[in-house]
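Text of protein_18.txt (compact mmCIF, C-alpha atoms and all ligand atoms) as supplied:
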```txt
# COMPACT_ATOMS: atom_id res chain seq x y z
CA MET Y 1 -25.14 -31.06 -25.11
CA SER Y 2 -23.63 -28.83 -27.80
CA ALA Y 3 -20.37 -26.95 -27.19
CA ARG Y 4 -22.39 -23.74 -26.95
CA GLY Y 5 -24.80 -25.36 -24.50
CA ILE Y 6 -21.91 -26.51 -22.31
CA ALA Y 7 -20.37 -23.01 -22.41
CA THR Y 8 -23.72 -21.51 -21.35
CA SER Y 9 -24.19 -23.90 -18.44
CA ARG Y 10 -20.62 -23.28 -17.28
CA ALA Y 11 -21.24 -19.54 -17.54
CA GLU Y 12 -24.43 -19.85 -15.48
CA GLU Y 13 -22.38 -21.70 -12.86
CA VAL Y 14 -19.76 -18.91 -12.89
CA VAL Y 15 -22.43 -16.27 -12.25
CA ALA Y 16 -24.04 -18.39 -9.49
CA ARG Y 17 -20.64 -18.82 -7.82
CA CYS Y 18 -19.89 -15.09 -7.90
CA LYS Y 19 -23.24 -14.49 -6.19
CA ARG Y 20 -22.44 -17.16 -3.61
CA LEU Y 21 -19.03 -15.60 -2.87
CA ALA Y 22 -20.73 -12.21 -2.48
CA SER Y 23 -22.54 -13.68 0.57
CA PHE Y 24 -19.21 -13.97 2.42
CA SER Y 25 -19.17 -10.49 3.88
CA GLU Y 26 -18.18 -8.47 6.93
CA ASP Y 27 -21.49 -6.58 6.74
CA PRO Y 28 -24.87 -8.24 7.06
CA GLY Y 29 -27.06 -7.66 4.01
CA SER Y 30 -24.35 -6.24 1.76
CA THR Y 31 -20.94 -7.29 0.44
CA ARG Y 32 -17.78 -5.98 2.06
CA ARG Y 33 -14.73 -8.21 2.12
CA THR Y 34 -11.54 -6.39 2.96
CA PHE Y 35 -7.96 -7.61 3.29
CA LEU Y 36 -7.67 -10.72 5.51
CA SER Y 37 -11.09 -10.33 7.10
CA PRO Y 38 -12.86 -13.46 8.44
CA ALA Y 39 -15.08 -13.30 5.34
CA MET Y 40 -11.96 -13.76 3.20
CA HIS Y 41 -11.34 -17.10 4.98
CA GLU Y 42 -14.81 -18.28 4.00
CA CYS Y 43 -14.43 -17.06 0.43
CA GLN Y 44 -11.09 -18.85 0.08
CA ARG Y 45 -12.48 -22.05 1.62
CA GLU Y 46 -15.21 -22.15 -1.02
CA LEU Y 47 -12.83 -21.45 -3.90
CA THR Y 48 -10.41 -24.07 -2.59
CA LYS Y 49 -13.11 -26.76 -2.89
CA TRP Y 50 -13.74 -25.84 -6.55
CA LEU Y 51 -10.04 -25.63 -7.36
CA VAL Y 52 -9.23 -29.00 -5.77
CA ASP Y 53 -12.13 -30.62 -7.64
CA ALA Y 54 -10.74 -29.13 -10.88
CA GLY Y 55 -7.38 -30.82 -10.22
CA ALA Y 56 -5.41 -27.95 -8.69
CA GLU Y 57 -3.18 -27.94 -5.64
CA VAL Y 58 -4.09 -25.00 -3.40
CA THR Y 59 -1.99 -22.89 -1.06
CA VAL Y 60 -2.35 -19.46 0.55
CA ASP Y 61 0.84 -17.40 0.46
CA ALA Y 62 1.98 -15.17 3.34
CA ALA Y 63 0.22 -12.13 1.83
CA GLY Y 64 -3.05 -14.06 1.95
CA ASN Y 65 -3.25 -14.66 -1.80
CA LEU Y 66 -5.05 -17.87 -2.79
CA ARG Y 67 -2.95 -19.81 -5.28
CA GLY Y 68 -4.19 -22.93 -7.07
CA PHE Y 69 -1.68 -24.74 -9.25
CA TYR Y 70 -2.83 -26.97 -12.11
CA ALA Y 71 0.22 -28.90 -13.26
CA ALA Y 72 1.52 -29.00 -16.83
CA ALA Y 73 1.83 -32.14 -18.97
CA GLN Y 74 5.45 -32.38 -17.85
CA SER Y 75 7.01 -31.44 -14.55
CA GLY Y 76 9.35 -28.46 -14.53
CA ALA Y 77 7.33 -26.61 -17.20
CA PRO Y 78 6.66 -22.88 -16.66
CA ARG Y 79 3.32 -21.58 -15.44
CA LEU Y 80 0.73 -19.19 -16.79
CA LEU Y 81 -0.98 -17.17 -14.07
CA ILE Y 82 -4.67 -16.35 -14.40
CA GLY Y 83 -6.55 -14.40 -11.77
CA SER Y 84 -7.81 -11.22 -10.18
CA HIS Y 85 -8.69 -9.95 -6.68
CA LEU Y 86 -11.00 -11.36 -4.01
CA ASP Y 87 -11.38 -8.29 -1.79
CA THR Y 88 -14.17 -5.80 -2.29
CA ILE Y 89 -15.17 -2.25 -1.47
CA PRO Y 90 -18.00 -1.67 1.06
CA ASN Y 91 -21.48 -2.21 -0.42
CA ALA Y 92 -19.92 -3.97 -3.42
CA GLY Y 93 -21.33 -5.84 -6.37
CA ALA Y 94 -20.64 -9.53 -6.95
CA TYR Y 95 -18.27 -9.39 -9.93
CA ASP Y 96 -15.49 -6.81 -9.57
CA GLY Y 97 -12.37 -8.96 -9.16
CA VAL Y 98 -14.15 -12.14 -8.09
CA LEU Y 99 -15.38 -12.86 -11.61
CA GLY Y 100 -11.77 -13.05 -12.87
CA VAL Y 101 -10.92 -15.70 -10.28
CA VAL Y 102 -14.10 -17.73 -10.74
CA LEU Y 103 -13.61 -17.63 -14.54
CA ALA Y 104 -10.07 -18.97 -14.09
CA VAL Y 105 -11.46 -21.87 -12.04
CA ALA Y 106 -14.05 -22.53 -14.78
CA LEU Y 107 -11.27 -22.62 -17.38
CA LEU Y 108 -9.50 -25.36 -15.39
CA GLU Y 109 -12.79 -27.26 -15.17
CA ALA Y 110 -13.31 -26.90 -18.91
CA LEU Y 111 -9.92 -28.52 -19.51
CA GLU Y 112 -11.43 -31.65 -17.90
CA GLY Y 113 -8.07 -32.94 -16.73
CA ARG Y 114 -6.31 -32.21 -20.03
CA ARG Y 115 -2.76 -31.00 -19.39
CA LEU Y 116 -1.00 -28.26 -21.37
CA PRO Y 117 2.71 -27.64 -22.08
CA PHE Y 118 2.57 -25.05 -19.27
CA GLY Y 119 1.05 -25.19 -15.81
CA ILE Y 120 -1.76 -22.82 -14.84
CA GLU Y 121 -1.74 -21.01 -11.55
CA VAL Y 122 -5.06 -19.50 -10.53
CA VAL Y 123 -4.46 -16.49 -8.29
CA GLY Y 124 -7.04 -14.84 -6.04
CA PHE Y 125 -5.34 -11.67 -4.80
CA SER Y 126 -6.05 -10.84 -1.15
CA GLU Y 127 -6.17 -7.07 -1.66
CA GLU Y 128 -6.59 -4.68 -4.57
CA GLU Y 129 -9.09 -2.00 -3.57
CA GLY Y 130 -7.07 -0.22 -0.86
CA VAL Y 131 -10.04 -0.12 1.54
CA ARG Y 132 -8.47 -1.35 4.79
CA TYR Y 133 -5.01 0.25 4.57
CA GLY Y 134 -5.55 3.08 2.11
CA THR Y 135 -2.94 1.47 -0.13
CA PRO Y 136 -4.16 -0.66 -2.99
CA PHE Y 137 -2.64 -3.80 -4.56
CA ILE Y 138 -1.23 -5.35 -1.36
CA GLY Y 139 -1.79 -8.85 -2.81
CA SER Y 140 -0.20 -8.33 -6.21
CA ARG Y 141 2.64 -6.26 -4.70
CA ALA Y 142 3.66 -9.39 -2.80
CA LEU Y 143 4.09 -11.27 -6.10
CA VAL Y 144 6.47 -8.67 -7.50
CA GLY Y 145 8.44 -8.23 -4.26
CA ARG Y 146 6.94 -4.87 -3.26
CA LEU Y 147 5.22 -5.83 0.00
CA ASP Y 148 8.00 -4.12 1.93
CA GLU Y 149 8.63 -3.20 5.59
CA GLU Y 150 6.92 0.16 5.22
CA LEU Y 151 3.75 -1.47 3.94
CA LEU Y 152 3.94 -4.27 6.55
CA ASN Y 153 4.02 -1.62 9.29
CA ARG Y 154 1.10 0.39 7.94
CA ARG Y 155 -1.91 0.44 10.30
CA ASP Y 156 -5.63 0.28 9.66
CA ALA Y 157 -8.27 2.43 11.39
CA ASN Y 158 -8.11 0.13 14.44
CA GLY Y 159 -4.33 0.39 14.71
CA ILE Y 160 -3.72 -3.14 13.39
CA SER Y 161 -0.64 -3.33 11.16
CA VAL Y 162 -0.51 -5.33 7.93
CA ARG Y 163 1.98 -7.58 9.72
CA ARG Y 164 -0.45 -8.28 12.57
CA ALA Y 165 -3.32 -8.80 10.14
CA ILE Y 166 -1.22 -11.45 8.38
CA GLU Y 167 -0.52 -13.19 11.70
CA GLY Y 168 -4.18 -12.92 12.65
CA PHE Y 169 -5.10 -14.72 9.45
CA GLY Y 170 -2.85 -17.61 10.52
CA LEU Y 171 0.05 -16.72 8.22
CA ASN Y 172 3.69 -15.85 8.80
CA PRO Y 173 4.85 -12.38 7.65
CA ALA Y 174 8.45 -13.63 7.56
CA GLU Y 175 7.41 -15.79 4.59
CA VAL Y 176 6.23 -12.86 2.47
CA PRO Y 177 9.36 -13.05 0.27
CA ARG Y 178 8.32 -16.59 -0.70
CA ALA Y 179 5.19 -15.19 -2.35
CA VAL Y 180 7.32 -13.53 -5.05
CA LEU Y 181 6.95 -14.99 -8.54
CA ALA Y 182 9.66 -17.44 -9.45
CA ASP Y 183 11.46 -17.54 -12.80
CA ASP Y 184 8.98 -20.13 -14.06
CA ALA Y 185 6.21 -17.50 -14.31
CA LEU Y 186 5.43 -17.18 -18.01
CA ALA Y 187 2.70 -14.53 -18.09
CA PHE Y 188 -0.32 -13.14 -16.26
CA LEU Y 189 -3.83 -12.98 -17.66
CA GLU Y 190 -6.70 -11.15 -15.95
CA PHE Y 191 -10.39 -11.24 -16.81
CA HIS Y 192 -12.27 -8.29 -15.30
CA ILE Y 193 -15.54 -6.47 -15.81
CA GLU Y 194 -15.01 -3.25 -17.74
CA GLN Y 195 -16.62 -1.08 -15.01
CA GLY Y 196 -17.51 1.43 -17.70
CA PRO Y 197 -19.97 1.90 -20.59
CA VAL Y 198 -17.70 1.55 -23.65
CA LEU Y 199 -18.21 -2.12 -24.60
CA GLU Y 200 -21.95 -1.79 -24.07
CA SER Y 201 -22.07 1.30 -26.27
CA LEU Y 202 -20.28 -0.66 -29.01
CA GLY Y 203 -22.50 -3.73 -28.56
CA LEU Y 204 -19.50 -5.95 -27.80
CA PRO Y 205 -19.27 -8.67 -25.15
CA LEU Y 206 -15.49 -8.53 -24.71
CA GLY Y 207 -12.53 -6.22 -25.24
CA VAL Y 208 -8.78 -6.57 -25.04
CA VAL Y 209 -6.90 -4.10 -22.88
CA GLU Y 210 -3.77 -2.77 -24.57
CA ALA Y 211 -2.71 -0.43 -21.78
CA ILE Y 212 -3.65 0.92 -18.40
CA ALA Y 213 -3.95 4.70 -18.48
CA ALA Y 214 -1.49 7.14 -16.98
CA GLN Y 215 -2.90 8.75 -13.87
CA THR Y 216 -2.03 11.91 -11.99
CA ARG Y 217 -3.59 12.98 -8.72
CA ILE Y 218 -2.92 16.43 -7.26
CA GLU Y 219 -4.34 18.18 -4.22
CA PHE Y 220 -4.91 21.93 -4.54
CA VAL Y 221 -5.47 24.32 -1.64
CA PHE Y 222 -6.88 27.76 -2.43
CA GLN Y 223 -6.00 30.04 0.47
CA GLY Y 224 -8.16 33.15 0.72
CA ARG Y 225 -9.48 35.05 3.72
CA ALA Y 226 -12.42 34.07 5.90
CA ASN Y 227 -14.72 36.96 6.70
CA HIS Y 228 -18.25 37.99 7.58
CA ALA Y 229 -20.79 37.14 4.87
CA GLY Y 230 -22.93 40.17 5.72
CA THR Y 231 -20.40 42.93 6.13
CA THR Y 232 -17.76 42.23 3.47
CA PRO Y 233 -18.61 43.82 0.09
CA MET Y 234 -18.16 41.62 -2.97
CA HIS Y 235 -15.19 43.54 -4.39
CA LEU Y 236 -13.22 43.21 -1.12
CA ARG Y 237 -13.51 39.44 -0.81
CA HIS Y 238 -10.92 36.68 -1.22
CA ASP Y 239 -13.40 33.83 -1.44
CA ALA Y 240 -11.70 30.42 -1.60
CA ILE Y 241 -14.83 28.49 -2.62
CA ALA Y 242 -15.60 30.87 -5.50
CA ALA Y 243 -12.00 30.51 -6.76
CA ALA Y 244 -12.16 26.72 -6.51
CA ALA Y 245 -15.52 26.71 -8.29
CA GLU Y 246 -14.16 28.78 -11.21
CA TRP Y 247 -11.20 26.43 -11.43
CA ILE Y 248 -13.38 23.28 -11.33
CA VAL Y 249 -15.38 24.48 -14.33
CA ALA Y 250 -12.12 25.25 -16.15
CA VAL Y 251 -10.88 21.70 -15.39
CA GLU Y 252 -14.03 20.27 -16.97
CA GLN Y 253 -13.62 22.45 -20.07
CA THR Y 254 -9.96 21.43 -20.40
CA ALA Y 255 -10.90 17.75 -20.26
CA HIS Y 256 -13.51 18.23 -23.00
CA SER Y 257 -10.90 19.76 -25.29
CA GLN Y 258 -8.68 16.65 -25.34
CA PRO Y 259 -10.04 13.36 -26.77
CA GLY Y 260 -9.72 10.45 -24.37
CA LEU Y 261 -8.86 12.61 -21.40
CA VAL Y 262 -10.82 12.30 -18.17
CA ALA Y 263 -10.44 14.84 -15.37
CA THR Y 264 -12.30 14.74 -12.09
CA VAL Y 265 -12.46 17.02 -9.08
CA GLY Y 266 -14.04 14.48 -6.77
CA GLN Y 267 -13.38 15.98 -3.39
CA ILE Y 268 -13.78 19.47 -2.05
CA GLU Y 269 -13.56 20.68 1.50
CA ALA Y 270 -14.00 24.27 2.60
CA LYS Y 271 -13.11 26.01 5.82
CA PRO Y 272 -14.45 27.22 8.13
CA GLY Y 273 -17.62 25.77 6.56
CA ALA Y 274 -20.42 27.98 7.87
CA ALA Y 275 -23.33 29.49 5.95
CA ASN Y 276 -22.54 33.03 7.12
CA VAL Y 277 -18.77 32.95 6.62
CA ILE Y 278 -16.81 33.53 3.41
CA ALA Y 279 -14.59 30.48 2.91
CA GLY Y 280 -10.96 31.14 3.84
CA GLU Y 281 -9.68 27.88 2.45
CA ALA Y 282 -10.82 25.38 -0.18
CA ARG Y 283 -9.07 22.08 -0.68
CA ALA Y 284 -9.85 20.13 -3.85
CA THR Y 285 -8.43 17.03 -5.50
CA LEU Y 286 -7.76 16.52 -9.20
CA ASP Y 287 -7.69 13.07 -10.78
CA LEU Y 288 -6.44 13.07 -14.36
CA ARG Y 289 -6.14 10.08 -16.72
CA HIS Y 290 -5.15 9.52 -20.32
CA GLU Y 291 -3.54 6.73 -22.30
CA SER Y 292 -0.52 8.94 -23.02
CA ASP Y 293 1.94 9.93 -20.27
CA ASP Y 294 2.70 13.03 -22.27
CA VAL Y 295 -0.89 14.25 -22.57
CA CYS Y 296 -1.44 13.51 -18.88
CA ALA Y 297 1.63 15.53 -17.86
CA ARG Y 298 0.91 18.43 -20.24
CA THR Y 299 -2.71 18.67 -19.11
CA ALA Y 300 -1.65 18.61 -15.47
CA ASP Y 301 0.63 21.59 -16.21
CA THR Y 302 -2.21 23.45 -17.94
CA ILE Y 303 -4.56 22.84 -15.02
CA VAL Y 304 -1.93 23.99 -12.50
CA ARG Y 305 -1.44 27.19 -14.52
CA LEU Y 306 -5.20 27.77 -14.58
CA ALA Y 307 -5.33 27.41 -10.80
CA GLU Y 308 -2.44 29.85 -10.38
CA GLU Y 309 -4.05 32.36 -12.72
CA ILE Y 310 -7.44 32.18 -10.98
CA ALA Y 311 -5.87 32.40 -7.51
CA GLY Y 312 -3.63 35.30 -8.55
CA ARG Y 313 -6.46 37.30 -10.13
CA ARG Y 314 -8.61 36.87 -7.01
CA GLY Y 315 -5.81 37.69 -4.58
CA LEU Y 316 -5.54 34.17 -3.17
CA LYS Y 317 -2.53 31.96 -2.47
CA LEU Y 318 -2.28 28.49 -3.97
CA ARG Y 319 -0.60 25.39 -2.60
CA ARG Y 320 -0.51 22.03 -4.27
CA SER Y 321 0.93 18.60 -3.67
CA GLU Y 322 1.16 15.64 -5.99
CA LEU Y 323 -0.55 12.57 -4.53
CA LEU Y 324 0.05 10.14 -7.40
CA ASN Y 325 1.96 10.05 -10.65
CA GLN Y 326 1.36 6.70 -12.28
CA LYS Y 327 2.77 6.20 -15.77
CA ARG Y 328 0.89 4.35 -18.48
CA VAL Y 329 1.41 0.60 -18.23
CA ALA Y 330 1.43 -1.21 -21.56
CA MET Y 331 0.12 -4.74 -21.73
CA ASP Y 332 2.29 -7.34 -23.45
CA THR Y 333 2.09 -6.96 -27.26
CA PHE Y 334 2.36 -10.68 -27.96
CA LEU Y 335 -0.42 -11.53 -25.50
CA VAL Y 336 -2.64 -8.72 -26.77
CA GLU Y 337 -2.28 -10.06 -30.32
CA GLN Y 338 -2.98 -13.60 -29.11
CA ILE Y 339 -6.15 -12.39 -27.37
CA GLU Y 340 -7.23 -10.58 -30.55
CA GLU Y 341 -6.75 -13.79 -32.51
CA ALA Y 342 -8.72 -15.75 -29.90
CA LEU Y 343 -11.54 -13.17 -30.05
CA ARG Y 344 -11.72 -13.42 -33.83
CA GLY Y 345 -11.55 -17.20 -33.49
CA ILE Y 346 -14.80 -17.23 -31.55
CA GLY Y 347 -16.48 -14.76 -33.91
CA CYS Y 348 -16.04 -11.62 -31.81
CA THR Y 349 -14.71 -8.23 -32.86
CA ALA Y 350 -11.24 -7.74 -31.41
CA HIS Y 351 -11.72 -4.32 -29.86
CA ARG Y 352 -8.66 -2.77 -28.21
CA MET Y 353 -9.15 -0.45 -25.29
CA VAL Y 354 -7.30 1.44 -22.60
CA SER Y 355 -8.29 0.81 -19.01
CA GLY Y 356 -8.97 4.00 -17.10
CA ALA Y 357 -8.88 2.06 -13.84
CA GLY Y 358 -5.84 0.45 -12.27
CA HIS Y 359 -5.80 -3.34 -12.00
CA ASP Y 360 -3.59 -6.12 -10.62
CA ALA Y 361 -2.27 -6.69 -14.16
CA MET Y 362 -0.64 -3.26 -13.92
CA ILE Y 363 1.44 -4.46 -10.95
CA LEU Y 364 2.20 -7.92 -12.38
CA ALA Y 365 3.39 -6.27 -15.61
CA GLU Y 366 6.45 -5.08 -13.66
CA LYS Y 367 7.66 -8.67 -13.56
CA VAL Y 368 5.88 -10.78 -16.19
CA PRO Y 369 4.20 -10.16 -19.55
CA SER Y 370 0.61 -9.32 -18.64
CA ALA Y 371 -2.70 -8.83 -20.41
CA MET Y 372 -6.36 -8.25 -19.63
CA ILE Y 373 -9.71 -9.14 -21.13
CA PHE Y 374 -12.68 -6.94 -20.25
CA LEU Y 375 -16.26 -8.18 -20.07
CA ARG Y 376 -19.10 -5.78 -20.86
CA SER Y 377 -20.60 -4.08 -17.78
CA PRO Y 378 -24.39 -3.74 -18.26
CA GLY Y 379 -25.32 -0.09 -17.75
CA GLY Y 380 -21.63 0.60 -17.16
CA ILE Y 381 -22.42 0.05 -13.47
CA SER Y 382 -19.75 -1.04 -10.99
CA HIS Y 383 -18.76 -0.52 -7.35
CA ASP Y 384 -22.44 -0.87 -6.57
CA PRO Y 385 -24.70 -3.80 -5.64
CA ALA Y 386 -26.40 -3.32 -9.03
CA GLU Y 387 -23.17 -4.36 -10.79
CA SER Y 388 -23.93 -7.23 -13.16
CA VAL Y 389 -22.70 -9.33 -16.03
CA ARG Y 390 -24.49 -11.14 -18.83
CA VAL Y 391 -24.37 -14.95 -18.84
CA GLU Y 392 -23.75 -14.96 -22.61
CA ASP Y 393 -20.76 -12.63 -22.17
CA VAL Y 394 -19.32 -14.93 -19.52
CA ALA Y 395 -19.78 -17.84 -21.94
CA LYS Y 396 -17.89 -15.85 -24.59
CA ALA Y 397 -15.12 -15.08 -22.09
CA LEU Y 398 -14.78 -18.80 -21.34
CA GLU Y 399 -14.72 -19.66 -25.03
CA CYS Y 400 -12.12 -16.95 -25.63
CA GLY Y 401 -10.04 -18.18 -22.70
CA LEU Y 402 -10.04 -21.78 -23.92
CA HIS Y 403 -9.20 -20.68 -27.44
CA LEU Y 404 -6.34 -18.62 -26.05
CA LEU Y 405 -4.98 -21.52 -23.98
CA ASP Y 406 -4.98 -23.77 -27.06
CA GLN Y 407 -3.32 -21.06 -29.16
CA LEU Y 408 -0.64 -20.50 -26.51
CA ALA Y 409 -0.09 -24.25 -26.17
CA SER Y 410 0.78 -24.45 -29.87
CA SER Y 411 2.57 -21.10 -30.18
CA SER Y 412 6.20 -21.25 -31.28
CA GLU Y 413 6.80 -17.77 -29.79
CA LEU Y 414 5.60 -19.08 -26.45
CA GLN Y 415 7.83 -22.15 -26.76
CA LYS Y 416 10.76 -19.77 -27.11
CA ARG Y 417 9.65 -17.81 -24.06
CA MET Y 418 9.20 -21.06 -22.15
CA CYS Y 419 12.79 -21.99 -22.87
CA ARG Y 420 13.87 -18.61 -21.49
CA ALA Y 421 11.64 -18.92 -18.38
ZN ZN K 1 -11.34 -4.85 -9.61
```

Could you render the structure as structure tokens?
Amino acid sequence: MSARGIATSRAEEVVARCKRLASFSEDPGSTRRTFLSPAMHECQRELTKWLVDAGAEVTVDAAGNLRGFYAAAQSGAPRLLIGSHLDTIPNAGAYDGVLGVVLAVALLEALEGRRLPFGIEVVGFSEEEGVRYGTPFIGSRALVGRLDEELLNRRDANGISVRRAIEGFGLNPAEVPRAVLADDALAFLEFHIEQGPVLESLGLPLGVVEAIAAQTRIEFVFQGRANHAGTTPMHLRHDAIAAAAEWIVAVEQTAHSQPGLVATVGQIEAKPGAANVIAGEARATLDLRHESDDVCARTADTIVRLAEEIAGRRGLKLRRSELLNQKRVAMDTFLVEQIEEALRGIGCTAHRMVSGAGHDAMILAEKVPSAMIFLRSPGGISHDPAESVRVEDVAKALECGLHLLDQLASSSELQKRMCRA
């Protein structure tokens, strides 16, 4: 079989495996696999078989992360981590997260026993989506030493703490500190579906992520006065919903005026919430993202001022509280350039992009040089059972990954980093 033919058959296998893993679910008939659920056991058991067959040694750390180590040519060499998350949202597709882990396994298989100057550790993070505990990235936080007491004590909807969930999965929470990356960790690489329409609109199979966008989340509460819908004349009203509505339109206009900015009011709740009562209170959330911290902060200020102006003019009070202020996270320049070179090496355009969504690489970047490769999302669809991936794009991702491994194996810059690791 030709090299291309082999890549295609491996890619078909990757897609088939993602679909198989999607069958390990807490819900019958759809995919839902949250942190340390029984379905996660089954998913890990399946991946372990593939990893062992590919020549890796598999363990599960105390945060429930699956870790498969493929040794280097020489013992004591540093390790390159490749992976993504294994948990899913409710009613999920088959590729978000899982694809990055299954692709890493396929890369080991494609090495066919060949050893590199560095080891490869395939990581399947136990939690990224934040579904069970409302806090995302539990798995990757453990690798950077941020699965702390507060997080261990957090409880799910059934009152089960993270600590008890860990015990229930057959693990020991006291060993969480042992999950932290050691000094031999060289870098982290994550393959992930784009979950957006950009690569498809450009007709490209792959993209290299240069940064993860800054993100601000603020809750606004417009406080007006509830009153009778039939007896209160229009000019004597302090309608909280009408104020929020005016502000929401202004948020959308503001976002349009700044290239690359995305602003979303995704949640609104009004009280008392009756058809014949003027709303006394409207609570709305703002989610704001841009590749620049500065633009994100300045726009947040503008939007706050707009809310104050609208509330003031209508005789309402305004309260707000910041829910999230995440700075832009840059991916490692050296790795980004290496990925670009690998993309060109396989005949692809090296398109740089900023990820609007948070990913495990954002957390790992706190401790090791990190980078991401996006695969085109057909229709831009994700977080839905219709989420898909093209076999030929997966083949390209594998080719790119192998090219990258060979480049890194012969890179003098990496040799220097390996000496420092
Ligand atoms: Zn994901």

Q: Residues up to 12 Å from ligand ZN 1 (chain K), counting all atoms listed in the file: could you list those as a VMD selection string?
A: chain Y and resid 83 to 89 92 to 101 124 to 130 136 to 137 190 to 196 355 to 362 372 374 382 to 383 387

Q.
Need the shell around Ala270 in chain Y: protein/DNA/RNA residues with any atom at most 10 Å away, counting all atoms listed in the file. Skip same-chain ones fewer than 6 positions apart. Format as JSON, numbers by chain?
A. {"Y": [221, 222, 240, 241, 244, 278, 279, 280, 281, 282, 283, 284]}

Please give the centre and size of the box around range 339-353 of chain Y (axis-aligned, containing every atom listed in the file, 6 Å added per side), with values in Å to one decimal and written as lines of an AutoDock Vina configuration file.
```
center_x = -11.3
center_y = -8.8
center_z = -29.6
size_x = 22.3
size_y = 28.8
size_z = 20.6
```

Q | Near-Ser410 in chain Y list (12 Å; only C-alpha atoms; drop same-chain fewer than 6 positions) as JSON, numbers by chain | A | {"Y": [116, 117, 118, 338, 403, 404, 416, 418]}

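Between Phe69 in chain Y and the residues Y:Ala165, Y:Ile381, Y:Leu108, Y:Ala16, the shortest atom-to-atom distance, using only C-alpha atoms, involves Y:Leu108.
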
Q) Neighbours of range 51-56 of chain Y within 9 Å (only C-alpha atoms; same-chain residues fewer than 6 positions away dropped), as a ChimeraX atom specification? A) /Y:68-71,105-106,108-113,120-122

**Q.** Pick from Y:Asn172, Y:Asn158, Y:Asn153, Y:Asn65, whichever lies nearest to Gly139 in chain Y using all atoms listed in the file
**A.**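 Looking only at the distances to Gly139 in chain Y, the closest residue turns out to be Y:Asn65.
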
Q) For Asp27 in chain Y, which residue among Y:Ala39, Y:Ala263, Y:Glu167, Y:Asp332 is the nearest when counting all atoms listed in the file? A) Y:Ala39

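For the pair CA of Leu375 in chain Y and CA of Thr216 in chain Y, the separation is 25.9 Å.
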
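CA of Asp384 in chain Y is positioned 27.9 Å from CA of Ala365 in chain Y.
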
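Counting only C-alpha atoms, the residue from Y:Ile82, Y:Leu236, Y:Ala255, Y:Ala397 that sits nearest to Val123 in chain Y is Y:Ile82.
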
(Q) Let me make sure I understand: among Y:Gly134, Y:Gly312, Y:Pro173, Y:Pro197, which one has the smallest atom-to-atom distance to Gly380 in chain Y if we use all atoms listed in the file? (A)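 Nearest to Gly380 in chain Y: Y:Pro197.
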
Q. What does the distance from CA of Arg20 in chain Y to CA of Arg376 in chain Y come to in Å, to one decimal?
A. 20.9 Å

Counting all atoms listed in the file, select every polymer residue within 12 Å of (1.0, -25.1, -21.8) as defined in the file's coordinates, and provide the selection as a PDB file with C-alpha atoms, in the coordinates of the input.
```pdb
ATOM      1  CA  TYR Y  70      -2.830 -26.970 -12.110  1.00  0.00           C
ATOM      2  CA  ALA Y  71       0.220 -28.900 -13.260  1.00  0.00           C
ATOM      3  CA  ALA Y  72       1.520 -29.000 -16.830  1.00  0.00           C
ATOM      4  CA  ALA Y  73       1.830 -32.140 -18.970  1.00  0.00           C
ATOM      5  CA  GLN Y  74       5.450 -32.380 -17.850  1.00  0.00           C
ATOM      6  CA  SER Y  75       7.010 -31.440 -14.550  1.00  0.00           C
ATOM      7  CA  GLY Y  76       9.350 -28.460 -14.530  1.00  0.00           C
ATOM      8  CA  ALA Y  77       7.330 -26.610 -17.200  1.00  0.00           C
ATOM      9  CA  PRO Y  78       6.660 -22.880 -16.660  1.00  0.00           C
ATOM     10  CA  ARG Y  79       3.320 -21.580 -15.440  1.00  0.00           C
ATOM     11  CA  LEU Y  80       0.730 -19.190 -16.790  1.00  0.00           C
ATOM     12  CA  LEU Y  81      -0.980 -17.170 -14.070  1.00  0.00           C
ATOM     13  CA  LEU Y 111      -9.920 -28.520 -19.510  1.00  0.00           C
ATOM     14  CA  ARG Y 114      -6.310 -32.210 -20.030  1.00  0.00           C
ATOM     15  CA  ARG Y 115      -2.760 -31.000 -19.390  1.00  0.00           C
ATOM     16  CA  LEU Y 116      -1.000 -28.260 -21.370  1.00  0.00           C
ATOM     17  CA  PRO Y 117       2.710 -27.640 -22.080  1.00  0.00           C
ATOM     18  CA  PHE Y 118       2.570 -25.050 -19.270  1.00  0.00           C
ATOM     19  CA  GLY Y 119       1.050 -25.190 -15.810  1.00  0.00           C
ATOM     20  CA  ILE Y 120      -1.760 -22.820 -14.840  1.00  0.00           C
ATOM     21  CA  GLU Y 121      -1.740 -21.010 -11.550  1.00  0.00           C
ATOM     22  CA  ALA Y 185       6.210 -17.500 -14.310  1.00  0.00           C
ATOM     23  CA  LEU Y 186       5.430 -17.180 -18.010  1.00  0.00           C
ATOM     24  CA  ALA Y 187       2.700 -14.530 -18.090  1.00  0.00           C
ATOM     25  CA  LEU Y 402     -10.040 -21.780 -23.920  1.00  0.00           C
ATOM     26  CA  LEU Y 404      -6.340 -18.620 -26.050  1.00  0.00           C
ATOM     27  CA  LEU Y 405      -4.980 -21.520 -23.980  1.00  0.00           C
ATOM     28  CA  ASP Y 406      -4.980 -23.770 -27.060  1.00  0.00           C
ATOM     29  CA  GLN Y 407      -3.320 -21.060 -29.160  1.00  0.00           C
ATOM     30  CA  LEU Y 408      -0.640 -20.500 -26.510  1.00  0.00           C
ATOM     31  CA  ALA Y 409      -0.090 -24.250 -26.170  1.00  0.00           C
ATOM     32  CA  SER Y 410       0.780 -24.450 -29.870  1.00  0.00           C
ATOM     33  CA  SER Y 411       2.570 -21.100 -30.180  1.00  0.00           C
ATOM     34  CA  SER Y 412       6.200 -21.250 -31.280  1.00  0.00           C
ATOM     35  CA  LEU Y 414       5.600 -19.080 -26.450  1.00  0.00           C
ATOM     36  CA  GLN Y 415       7.830 -22.150 -26.760  1.00  0.00           C
ATOM     37  CA  ARG Y 417       9.650 -17.810 -24.060  1.00  0.00           C
ATOM     38  CA  MET Y 418       9.200 -21.060 -22.150  1.00  0.00           C
TER      39      MET Y 418
END
```
